[in-house]
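Structure file protein-v6.cif (mmCIF, N, CA and C atoms) is printed below.
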data_entry
loop_
_atom_site.label_atom_id
_atom_site.label_comp_id
_atom_site.auth_asym_id
_atom_site.auth_seq_id
_atom_site.Cartn_x
_atom_site.Cartn_y
_atom_site.Cartn_z
N MET A 254 -15.62 4.62 18.97
CA MET A 254 -14.47 4.41 18.10
C MET A 254 -13.21 4.77 18.88
N ALA A 255 -12.17 4.01 18.65
CA ALA A 255 -10.90 4.22 19.34
C ALA A 255 -10.23 5.49 18.86
N ARG A 256 -9.47 6.10 19.75
CA ARG A 256 -8.66 7.25 19.39
C ARG A 256 -7.26 6.71 19.08
N TRP A 257 -6.91 6.75 17.82
CA TRP A 257 -5.65 6.19 17.37
C TRP A 257 -4.53 7.20 17.46
N ARG A 258 -3.33 6.70 17.75
CA ARG A 258 -2.14 7.53 17.69
C ARG A 258 -1.85 7.84 16.22
N PRO A 259 -1.29 9.01 15.94
CA PRO A 259 -0.93 9.30 14.55
C PRO A 259 0.08 8.29 14.03
N LEU A 260 -0.04 7.97 12.77
CA LEU A 260 0.93 7.06 12.15
C LEU A 260 2.24 7.79 11.94
N PRO A 261 3.34 7.06 11.88
CA PRO A 261 4.66 7.70 11.72
C PRO A 261 4.75 8.54 10.44
N ASP A 262 5.45 9.66 10.55
CA ASP A 262 5.73 10.47 9.37
C ASP A 262 6.57 9.67 8.41
N GLY A 263 6.44 9.95 7.14
CA GLY A 263 7.26 9.28 6.14
C GLY A 263 6.82 7.87 5.80
N LEU A 264 5.68 7.45 6.32
CA LEU A 264 5.17 6.12 6.00
C LEU A 264 4.74 6.10 4.53
N PRO A 265 5.15 5.10 3.77
CA PRO A 265 4.74 5.05 2.36
C PRO A 265 3.21 5.05 2.25
N PRO A 266 2.68 5.68 1.20
CA PRO A 266 1.22 5.79 1.06
C PRO A 266 0.51 4.44 1.07
N GLU A 267 1.10 3.42 0.46
CA GLU A 267 0.45 2.10 0.42
C GLU A 267 0.33 1.52 1.83
N VAL A 268 1.35 1.71 2.62
CA VAL A 268 1.34 1.20 4.00
C VAL A 268 0.35 2.02 4.83
N ARG A 269 0.37 3.34 4.67
CA ARG A 269 -0.55 4.20 5.42
C ARG A 269 -2.00 3.82 5.13
N ARG A 270 -2.36 3.69 3.85
CA ARG A 270 -3.74 3.34 3.49
C ARG A 270 -4.13 1.98 4.08
N PHE A 271 -3.21 1.03 3.99
CA PHE A 271 -3.51 -0.30 4.51
C PHE A 271 -3.73 -0.28 6.02
N VAL A 272 -2.85 0.37 6.75
CA VAL A 272 -2.99 0.41 8.21
C VAL A 272 -4.25 1.19 8.60
N GLU A 273 -4.56 2.25 7.90
CA GLU A 273 -5.80 2.98 8.18
C GLU A 273 -7.01 2.09 7.96
N ARG A 274 -6.95 1.26 6.93
CA ARG A 274 -8.04 0.31 6.66
C ARG A 274 -8.15 -0.72 7.79
N LEU A 275 -7.01 -1.23 8.24
CA LEU A 275 -7.03 -2.16 9.37
C LEU A 275 -7.65 -1.53 10.61
N ARG A 276 -7.29 -0.27 10.85
CA ARG A 276 -7.85 0.44 12.02
C ARG A 276 -9.36 0.58 11.91
N LEU A 277 -9.85 0.88 10.71
CA LEU A 277 -11.30 0.98 10.51
C LEU A 277 -11.98 -0.37 10.77
N LEU A 278 -11.36 -1.44 10.27
CA LEU A 278 -11.92 -2.77 10.50
C LEU A 278 -11.92 -3.13 11.98
N LYS A 279 -10.82 -2.81 12.66
CA LYS A 279 -10.75 -3.10 14.10
C LYS A 279 -11.84 -2.34 14.83
N ASP A 280 -12.03 -1.05 14.50
CA ASP A 280 -13.08 -0.26 15.13
C ASP A 280 -14.46 -0.85 14.83
N ARG A 281 -14.63 -1.32 13.60
CA ARG A 281 -15.91 -1.92 13.18
C ARG A 281 -16.26 -3.15 14.01
N THR A 282 -15.26 -3.88 14.47
CA THR A 282 -15.54 -5.08 15.27
C THR A 282 -16.06 -4.72 16.65
N GLY A 283 -15.66 -3.55 17.17
CA GLY A 283 -16.04 -3.18 18.52
C GLY A 283 -15.24 -3.93 19.59
N LEU A 284 -14.24 -4.69 19.16
CA LEU A 284 -13.45 -5.50 20.09
C LEU A 284 -12.27 -4.71 20.64
N SER A 285 -11.89 -4.99 21.87
CA SER A 285 -10.64 -4.48 22.43
C SER A 285 -9.50 -5.26 21.80
N LEU A 286 -8.28 -4.78 21.98
CA LEU A 286 -7.13 -5.54 21.47
C LEU A 286 -7.06 -6.92 22.12
N THR A 287 -7.38 -7.00 23.39
CA THR A 287 -7.36 -8.29 24.08
C THR A 287 -8.40 -9.24 23.50
N ALA A 288 -9.61 -8.73 23.25
CA ALA A 288 -10.66 -9.57 22.67
C ALA A 288 -10.32 -9.96 21.23
N LEU A 289 -9.73 -9.02 20.48
CA LEU A 289 -9.31 -9.33 19.12
C LEU A 289 -8.21 -10.40 19.13
N ALA A 290 -7.32 -10.31 20.10
CA ALA A 290 -6.26 -11.31 20.23
C ALA A 290 -6.87 -12.70 20.47
N ALA A 291 -7.83 -12.77 21.36
CA ALA A 291 -8.47 -14.06 21.67
C ALA A 291 -9.20 -14.61 20.45
N LYS A 292 -9.82 -13.73 19.69
CA LYS A 292 -10.61 -14.16 18.53
C LYS A 292 -9.73 -14.52 17.33
N SER A 293 -8.58 -13.85 17.21
CA SER A 293 -7.76 -14.01 16.01
C SER A 293 -6.60 -14.99 16.17
N GLY A 294 -6.17 -15.22 17.41
CA GLY A 294 -5.01 -16.07 17.63
C GLY A 294 -3.69 -15.32 17.56
N TYR A 295 -3.75 -14.00 17.43
CA TYR A 295 -2.54 -13.16 17.44
C TYR A 295 -2.61 -12.29 18.69
N SER A 296 -1.49 -12.11 19.37
CA SER A 296 -1.47 -11.43 20.65
C SER A 296 -1.88 -9.97 20.55
N ALA A 297 -2.32 -9.43 21.67
CA ALA A 297 -2.68 -8.01 21.72
C ALA A 297 -1.47 -7.14 21.39
N SER A 298 -0.29 -7.53 21.83
CA SER A 298 0.91 -6.74 21.53
C SER A 298 1.22 -6.80 20.03
N SER A 299 0.95 -7.93 19.38
CA SER A 299 1.13 -8.01 17.93
C SER A 299 0.15 -7.06 17.24
N TRP A 300 -1.10 -7.07 17.65
CA TRP A 300 -2.08 -6.16 17.06
C TRP A 300 -1.70 -4.70 17.29
N TYR A 301 -1.16 -4.41 18.45
CA TYR A 301 -0.72 -3.04 18.72
C TYR A 301 0.36 -2.64 17.70
N ARG A 302 1.29 -3.53 17.42
CA ARG A 302 2.34 -3.24 16.42
C ARG A 302 1.77 -3.13 15.02
N TYR A 303 0.87 -4.05 14.66
CA TYR A 303 0.28 -4.01 13.32
C TYR A 303 -0.51 -2.72 13.10
N LEU A 304 -1.32 -2.35 14.08
CA LEU A 304 -2.20 -1.19 13.94
C LEU A 304 -1.46 0.13 14.14
N GLY A 305 -0.23 0.07 14.60
CA GLY A 305 0.61 1.25 14.74
C GLY A 305 1.64 1.35 13.63
N ALA A 306 1.60 0.44 12.69
CA ALA A 306 2.52 0.39 11.55
C ALA A 306 3.96 0.14 11.98
N ALA A 307 4.13 -0.48 13.15
CA ALA A 307 5.47 -0.81 13.61
C ALA A 307 5.98 -2.11 12.99
N SER A 308 5.06 -2.99 12.62
CA SER A 308 5.46 -4.22 11.93
C SER A 308 4.29 -4.67 11.05
N PRO A 309 4.60 -5.26 9.90
CA PRO A 309 3.53 -5.69 9.00
C PRO A 309 2.89 -6.98 9.49
N PRO A 310 1.57 -7.07 9.39
CA PRO A 310 0.90 -8.29 9.82
C PRO A 310 0.99 -9.39 8.77
N PRO A 311 0.99 -10.63 9.21
CA PRO A 311 0.87 -11.73 8.24
C PRO A 311 -0.56 -11.74 7.68
N TRP A 312 -0.72 -12.29 6.49
CA TRP A 312 -2.05 -12.32 5.88
C TRP A 312 -3.06 -13.03 6.78
N GLU A 313 -2.66 -14.07 7.47
CA GLU A 313 -3.60 -14.81 8.32
C GLU A 313 -4.20 -13.92 9.40
N ALA A 314 -3.40 -13.00 9.95
CA ALA A 314 -3.91 -12.06 10.96
C ALA A 314 -4.91 -11.10 10.33
N VAL A 315 -4.58 -10.60 9.15
CA VAL A 315 -5.47 -9.68 8.44
C VAL A 315 -6.79 -10.39 8.13
N ALA A 316 -6.72 -11.62 7.66
CA ALA A 316 -7.94 -12.37 7.34
C ALA A 316 -8.78 -12.61 8.60
N ALA A 317 -8.13 -12.87 9.73
CA ALA A 317 -8.87 -13.06 10.98
C ALA A 317 -9.59 -11.78 11.38
N LEU A 318 -8.93 -10.64 11.23
CA LEU A 318 -9.57 -9.35 11.53
C LEU A 318 -10.74 -9.12 10.58
N ALA A 319 -10.54 -9.41 9.31
CA ALA A 319 -11.60 -9.22 8.32
C ALA A 319 -12.82 -10.08 8.65
N ARG A 320 -12.58 -11.32 9.07
CA ARG A 320 -13.70 -12.19 9.45
C ARG A 320 -14.43 -11.63 10.66
N ALA A 321 -13.67 -11.15 11.64
CA ALA A 321 -14.28 -10.57 12.85
C ALA A 321 -15.10 -9.33 12.52
N ALA A 322 -14.68 -8.61 11.48
CA ALA A 322 -15.40 -7.39 11.07
C ALA A 322 -16.55 -7.69 10.11
N GLY A 323 -16.69 -8.96 9.71
CA GLY A 323 -17.78 -9.36 8.84
C GLY A 323 -17.59 -8.95 7.38
N LEU A 324 -16.35 -8.89 6.93
CA LEU A 324 -16.07 -8.52 5.55
C LEU A 324 -16.57 -9.58 4.58
N ARG A 325 -17.12 -9.14 3.48
CA ARG A 325 -17.57 -10.05 2.41
C ARG A 325 -16.36 -10.47 1.58
N ASP A 326 -16.55 -11.52 0.79
CA ASP A 326 -15.45 -12.07 -0.01
C ASP A 326 -14.84 -11.05 -0.98
N ASP A 327 -15.68 -10.25 -1.65
CA ASP A 327 -15.14 -9.27 -2.60
C ASP A 327 -14.34 -8.19 -1.87
N ASP A 328 -14.79 -7.80 -0.68
CA ASP A 328 -14.02 -6.83 0.11
C ASP A 328 -12.72 -7.45 0.62
N LEU A 329 -12.78 -8.73 0.96
CA LEU A 329 -11.58 -9.43 1.41
C LEU A 329 -10.55 -9.50 0.28
N ALA A 330 -11.00 -9.70 -0.94
CA ALA A 330 -10.08 -9.73 -2.09
C ALA A 330 -9.41 -8.37 -2.27
N ARG A 331 -10.16 -7.28 -2.11
CA ARG A 331 -9.57 -5.94 -2.22
C ARG A 331 -8.58 -5.69 -1.09
N LEU A 332 -8.92 -6.17 0.10
CA LEU A 332 -8.01 -6.03 1.24
C LEU A 332 -6.72 -6.80 0.99
N ARG A 333 -6.81 -7.95 0.36
CA ARG A 333 -5.62 -8.74 0.04
C ARG A 333 -4.69 -7.97 -0.91
N VAL A 334 -5.28 -7.28 -1.88
CA VAL A 334 -4.49 -6.47 -2.81
C VAL A 334 -3.78 -5.34 -2.05
N MET A 335 -4.50 -4.70 -1.14
CA MET A 335 -3.89 -3.64 -0.32
C MET A 335 -2.76 -4.20 0.53
N TRP A 336 -2.97 -5.36 1.13
CA TRP A 336 -1.95 -6.00 1.96
C TRP A 336 -0.71 -6.31 1.14
N GLU A 337 -0.91 -6.86 -0.06
CA GLU A 337 0.23 -7.21 -0.91
C GLU A 337 1.03 -5.96 -1.30
N ALA A 338 0.32 -4.87 -1.64
CA ALA A 338 1.01 -3.63 -2.01
C ALA A 338 1.79 -3.07 -0.82
N ALA A 339 1.19 -3.08 0.36
CA ALA A 339 1.87 -2.58 1.56
C ALA A 339 3.06 -3.46 1.91
N ARG A 340 2.90 -4.76 1.79
CA ARG A 340 3.98 -5.69 2.10
C ARG A 340 5.15 -5.50 1.14
N GLU A 341 4.85 -5.38 -0.14
CA GLU A 341 5.91 -5.20 -1.13
C GLU A 341 6.65 -3.88 -0.90
N THR A 342 5.92 -2.83 -0.60
CA THR A 342 6.54 -1.54 -0.31
C THR A 342 7.43 -1.65 0.92
N SER A 343 6.95 -2.31 1.95
CA SER A 343 7.74 -2.47 3.18
C SER A 343 8.99 -3.28 2.91
N ARG A 344 8.89 -4.32 2.12
CA ARG A 344 10.06 -5.16 1.80
C ARG A 344 11.11 -4.35 1.04
N THR A 345 10.67 -3.52 0.12
CA THR A 345 11.59 -2.71 -0.67
C THR A 345 12.33 -1.72 0.22
N ILE A 346 11.62 -1.13 1.14
CA ILE A 346 12.22 -0.12 2.02
C ILE A 346 13.13 -0.76 3.05
N HIS A 347 12.73 -1.89 3.62
CA HIS A 347 13.44 -2.49 4.74
C HIS A 347 14.29 -3.70 4.38
N ARG A 348 14.53 -3.91 3.10
CA ARG A 348 15.28 -5.11 2.73
C ARG A 348 16.70 -5.01 3.26
N PRO A 349 17.25 -6.12 3.74
CA PRO A 349 18.61 -6.10 4.26
C PRO A 349 19.62 -5.91 3.13
N ALA A 350 20.75 -5.32 3.47
CA ALA A 350 21.82 -5.14 2.48
C ALA A 350 22.36 -6.50 2.07
N THR A 351 22.70 -6.61 0.80
CA THR A 351 23.27 -7.84 0.29
C THR A 351 24.71 -7.57 -0.13
N ALA A 352 25.43 -8.60 -0.48
CA ALA A 352 26.82 -8.44 -0.92
C ALA A 352 26.89 -7.51 -2.13
N ALA A 353 25.88 -7.55 -2.99
CA ALA A 353 25.87 -6.68 -4.17
C ALA A 353 25.71 -5.21 -3.79
N ASP A 354 25.18 -4.94 -2.59
CA ASP A 354 24.98 -3.56 -2.15
C ASP A 354 26.20 -2.96 -1.47
N THR A 355 27.21 -3.76 -1.22
CA THR A 355 28.37 -3.26 -0.48
C THR A 355 29.46 -2.81 -1.41
N ASP A 356 30.22 -1.84 -0.96
CA ASP A 356 31.34 -1.30 -1.72
C ASP A 356 32.61 -1.73 -1.01
N THR A 357 33.37 -2.62 -1.61
CA THR A 357 34.56 -3.16 -0.93
C THR A 357 35.64 -2.12 -0.74
N ASP A 358 35.61 -1.04 -1.52
CA ASP A 358 36.62 0.02 -1.35
C ASP A 358 36.40 0.83 -0.08
N THR A 359 35.24 0.74 0.53
CA THR A 359 34.95 1.49 1.76
C THR A 359 34.88 0.56 2.95
N GLY A 360 35.53 -0.57 2.86
CA GLY A 360 35.55 -1.48 4.00
C GLY A 360 34.29 -2.30 4.15
N GLY A 361 33.51 -2.42 3.09
CA GLY A 361 32.32 -3.28 3.15
C GLY A 361 31.09 -2.58 3.64
N SER A 362 31.11 -1.27 3.85
CA SER A 362 29.90 -0.59 4.29
C SER A 362 28.96 -0.48 3.10
N PRO A 363 27.66 -0.44 3.36
CA PRO A 363 26.70 -0.38 2.27
C PRO A 363 26.94 0.85 1.40
N ALA A 364 26.77 0.67 0.10
CA ALA A 364 26.88 1.78 -0.83
C ALA A 364 25.70 2.70 -0.67
N PRO A 365 25.89 4.01 -0.85
CA PRO A 365 24.75 4.92 -0.72
C PRO A 365 23.70 4.61 -1.77
N SER A 366 22.44 4.79 -1.40
CA SER A 366 21.38 4.53 -2.34
C SER A 366 21.12 5.75 -3.20
N ALA A 367 20.51 5.53 -4.33
CA ALA A 367 20.19 6.63 -5.23
C ALA A 367 19.08 7.47 -4.65
N PRO A 368 19.07 8.77 -4.92
CA PRO A 368 17.99 9.63 -4.40
C PRO A 368 16.64 9.22 -4.94
N GLY A 369 15.63 9.44 -4.09
CA GLY A 369 14.24 9.34 -4.45
C GLY A 369 13.73 8.07 -4.87
#
Starting from the file, give its structure as structure tokens.
Amino acid sequence: MARWRPLPDGLPPEVRRFVERLRLLKDRTGLSLTALAAKSGYSASSWYRYLGAASPPPWEAVAALARAAGLRDDDLARLRVMWEAARETSRTIHRPATAADTDTDTGGSPAPSAPG
């Protein structure tokens, strides 16, 4: 089994659980990142980012990993739910500022967000 780097502090729980699940699946395949890249059609550097929680994977990449790990359809459906929750959480946290988020009295800089 691979020795994984710790995931970043402050990672939302949905994202943490999802990435940990991806790491387990990757370990289950027994493939190197290079071999996983060849099998999945996504580069080794992309997998490095996905498995390090640096960027969210597209569903097609997740499905390719699941197939390589031999996941059954019911497990794949649960993984899809985890992916959707992680993706939605990531979008909420990293969404770009919009015109509605700016305060024109401060020169257009984004308005502070509410706590918590």
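Around the point (6.3, 0.7, -0.8), within 8 Å and counting all atoms listed in the file, we find these residues: Leu264, Pro265, Pro266, Glu267, Val268, Ala338, Ala339, Arg340, Glu341, Thr342, Ser343, Arg344, Thr345 and Ile346 of chain A.
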Go ahead and save the residues from that selection, with N, CA and C atoms, as a compact mmCIF listing (two decimals), in the frame of the given file.
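Generated output (part39.txt):
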# COMPACT_ATOMS: atom_id res chain seq x y z
N LEU A 264 5.68 7.45 6.32
CA LEU A 264 5.17 6.12 6.00
C LEU A 264 4.74 6.10 4.53
N PRO A 265 5.15 5.10 3.77
CA PRO A 265 4.74 5.05 2.36
C PRO A 265 3.21 5.05 2.25
N PRO A 266 2.68 5.68 1.20
CA PRO A 266 1.22 5.79 1.06
C PRO A 266 0.51 4.44 1.07
N GLU A 267 1.10 3.42 0.46
CA GLU A 267 0.45 2.10 0.42
C GLU A 267 0.33 1.52 1.83
N VAL A 268 1.35 1.71 2.62
CA VAL A 268 1.34 1.20 4.00
C VAL A 268 0.35 2.02 4.83
N ALA A 338 0.32 -4.87 -1.64
CA ALA A 338 1.01 -3.63 -2.01
C ALA A 338 1.79 -3.07 -0.82
N ALA A 339 1.19 -3.08 0.36
CA ALA A 339 1.87 -2.58 1.56
C ALA A 339 3.06 -3.46 1.91
N ARG A 340 2.90 -4.76 1.79
CA ARG A 340 3.98 -5.69 2.10
C ARG A 340 5.15 -5.50 1.14
N GLU A 341 4.85 -5.38 -0.14
CA GLU A 341 5.91 -5.20 -1.13
C GLU A 341 6.65 -3.88 -0.90
N THR A 342 5.92 -2.83 -0.60
CA THR A 342 6.54 -1.54 -0.31
C THR A 342 7.43 -1.65 0.92
N SER A 343 6.95 -2.31 1.95
CA SER A 343 7.74 -2.47 3.18
C SER A 343 8.99 -3.28 2.91
N ARG A 344 8.89 -4.32 2.12
CA ARG A 344 10.06 -5.16 1.80
C ARG A 344 11.11 -4.35 1.04
N THR A 345 10.67 -3.52 0.12
CA THR A 345 11.59 -2.71 -0.67
C THR A 345 12.33 -1.72 0.22
N ILE A 346 11.62 -1.13 1.14
CA ILE A 346 12.22 -0.12 2.02
C ILE A 346 13.13 -0.76 3.05
**Q.** For Ala306 (chain A): contacts at 7 Å, all atoms listed in the file, fewer than 5 positions along chain excluded, given as a VMD selection string
**A.** chain A and resid 260 to 261 272 301
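Atom C of Arg274 (chain A) sits 17.4 Å away from CA of Lys292 (chain A).
Put simply, atom C of Arg256 (chain A) is 17.6 Å away from atom C of Ser296 (chain A).
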Q) Once the PyMOL selection byres ((chain A and resi 313-326) around 7) has been applied to the shown file, what residues remain in the selection, as a VMD selection string? A) chain A and resid 278 to 279 281 to 282 292 to 293 295 310 to 312 327 to 331
How would region 287-298 of chain A read, as a compact mmCIF listing (two decimals), in the coordinates of the input, once all heavy atoms are built in?
# COMPACT_ATOMS: atom_id res chain seq x y z
N THR A 287 -7.38 -7.00 23.39
CA THR A 287 -7.36 -8.29 24.08
C THR A 287 -8.40 -9.24 23.50
O THR A 287 -8.11 -10.42 23.26
CB THR A 287 -7.61 -8.08 25.59
OG1 THR A 287 -6.63 -7.17 26.08
CG2 THR A 287 -7.55 -9.38 26.36
N ALA A 288 -9.61 -8.73 23.25
CA ALA A 288 -10.66 -9.57 22.67
C ALA A 288 -10.32 -9.96 21.23
O ALA A 288 -10.55 -11.10 20.82
CB ALA A 288 -12.00 -8.85 22.72
N LEU A 289 -9.73 -9.02 20.48
CA LEU A 289 -9.31 -9.33 19.12
C LEU A 289 -8.21 -10.40 19.13
O LEU A 289 -8.22 -11.31 18.30
CB LEU A 289 -8.81 -8.07 18.41
CG LEU A 289 -8.32 -8.25 16.98
CD1 LEU A 289 -9.40 -8.84 16.08
CD2 LEU A 289 -7.81 -6.92 16.43
N ALA A 290 -7.32 -10.31 20.10
CA ALA A 290 -6.26 -11.31 20.23
C ALA A 290 -6.87 -12.70 20.47
O ALA A 290 -6.48 -13.68 19.83
CB ALA A 290 -5.32 -10.94 21.37
N ALA A 291 -7.83 -12.77 21.36
CA ALA A 291 -8.47 -14.06 21.67
C ALA A 291 -9.20 -14.61 20.45
O ALA A 291 -9.17 -15.82 20.19
CB ALA A 291 -9.43 -13.90 22.84
N LYS A 292 -9.82 -13.73 19.69
CA LYS A 292 -10.61 -14.16 18.53
C LYS A 292 -9.73 -14.52 17.33
O LYS A 292 -10.08 -15.39 16.55
CB LYS A 292 -11.57 -13.04 18.15
CG LYS A 292 -12.67 -13.43 17.23
CD LYS A 292 -13.70 -12.31 17.16
CE LYS A 292 -14.93 -12.71 16.43
NZ LYS A 292 -15.91 -13.39 17.25
N SER A 293 -8.58 -13.85 17.21
CA SER A 293 -7.76 -14.01 16.01
C SER A 293 -6.60 -14.99 16.17
O SER A 293 -6.06 -15.47 15.18
CB SER A 293 -7.18 -12.66 15.59
OG SER A 293 -6.22 -12.21 16.53
N GLY A 294 -6.17 -15.22 17.41
CA GLY A 294 -5.01 -16.07 17.63
C GLY A 294 -3.69 -15.32 17.56
O GLY A 294 -2.63 -15.93 17.61
N TYR A 295 -3.75 -14.00 17.43
CA TYR A 295 -2.54 -13.16 17.44
C TYR A 295 -2.61 -12.29 18.69
O TYR A 295 -3.67 -11.78 19.04
CB TYR A 295 -2.47 -12.30 16.17
CG TYR A 295 -2.20 -13.14 14.96
CD1 TYR A 295 -3.24 -13.77 14.28
CD2 TYR A 295 -0.90 -13.36 14.52
CE1 TYR A 295 -2.99 -14.57 13.18
CE2 TYR A 295 -0.64 -14.16 13.42
CZ TYR A 295 -1.69 -14.77 12.76
OH TYR A 295 -1.44 -15.58 11.68
N SER A 296 -1.49 -12.11 19.37
CA SER A 296 -1.47 -11.43 20.65
C SER A 296 -1.88 -9.97 20.55
O SER A 296 -1.78 -9.35 19.48
CB SER A 296 -0.07 -11.51 21.28
OG SER A 296 0.83 -10.70 20.55
N ALA A 297 -2.32 -9.43 21.67
CA ALA A 297 -2.68 -8.01 21.72
C ALA A 297 -1.47 -7.14 21.39
O ALA A 297 -1.61 -6.13 20.69
CB ALA A 297 -3.23 -7.66 23.10
N SER A 298 -0.29 -7.53 21.83
CA SER A 298 0.91 -6.74 21.53
C SER A 298 1.22 -6.80 20.03
O SER A 298 1.67 -5.80 19.44
CB SER A 298 2.10 -7.19 22.36
OG SER A 298 2.43 -8.54 22.10
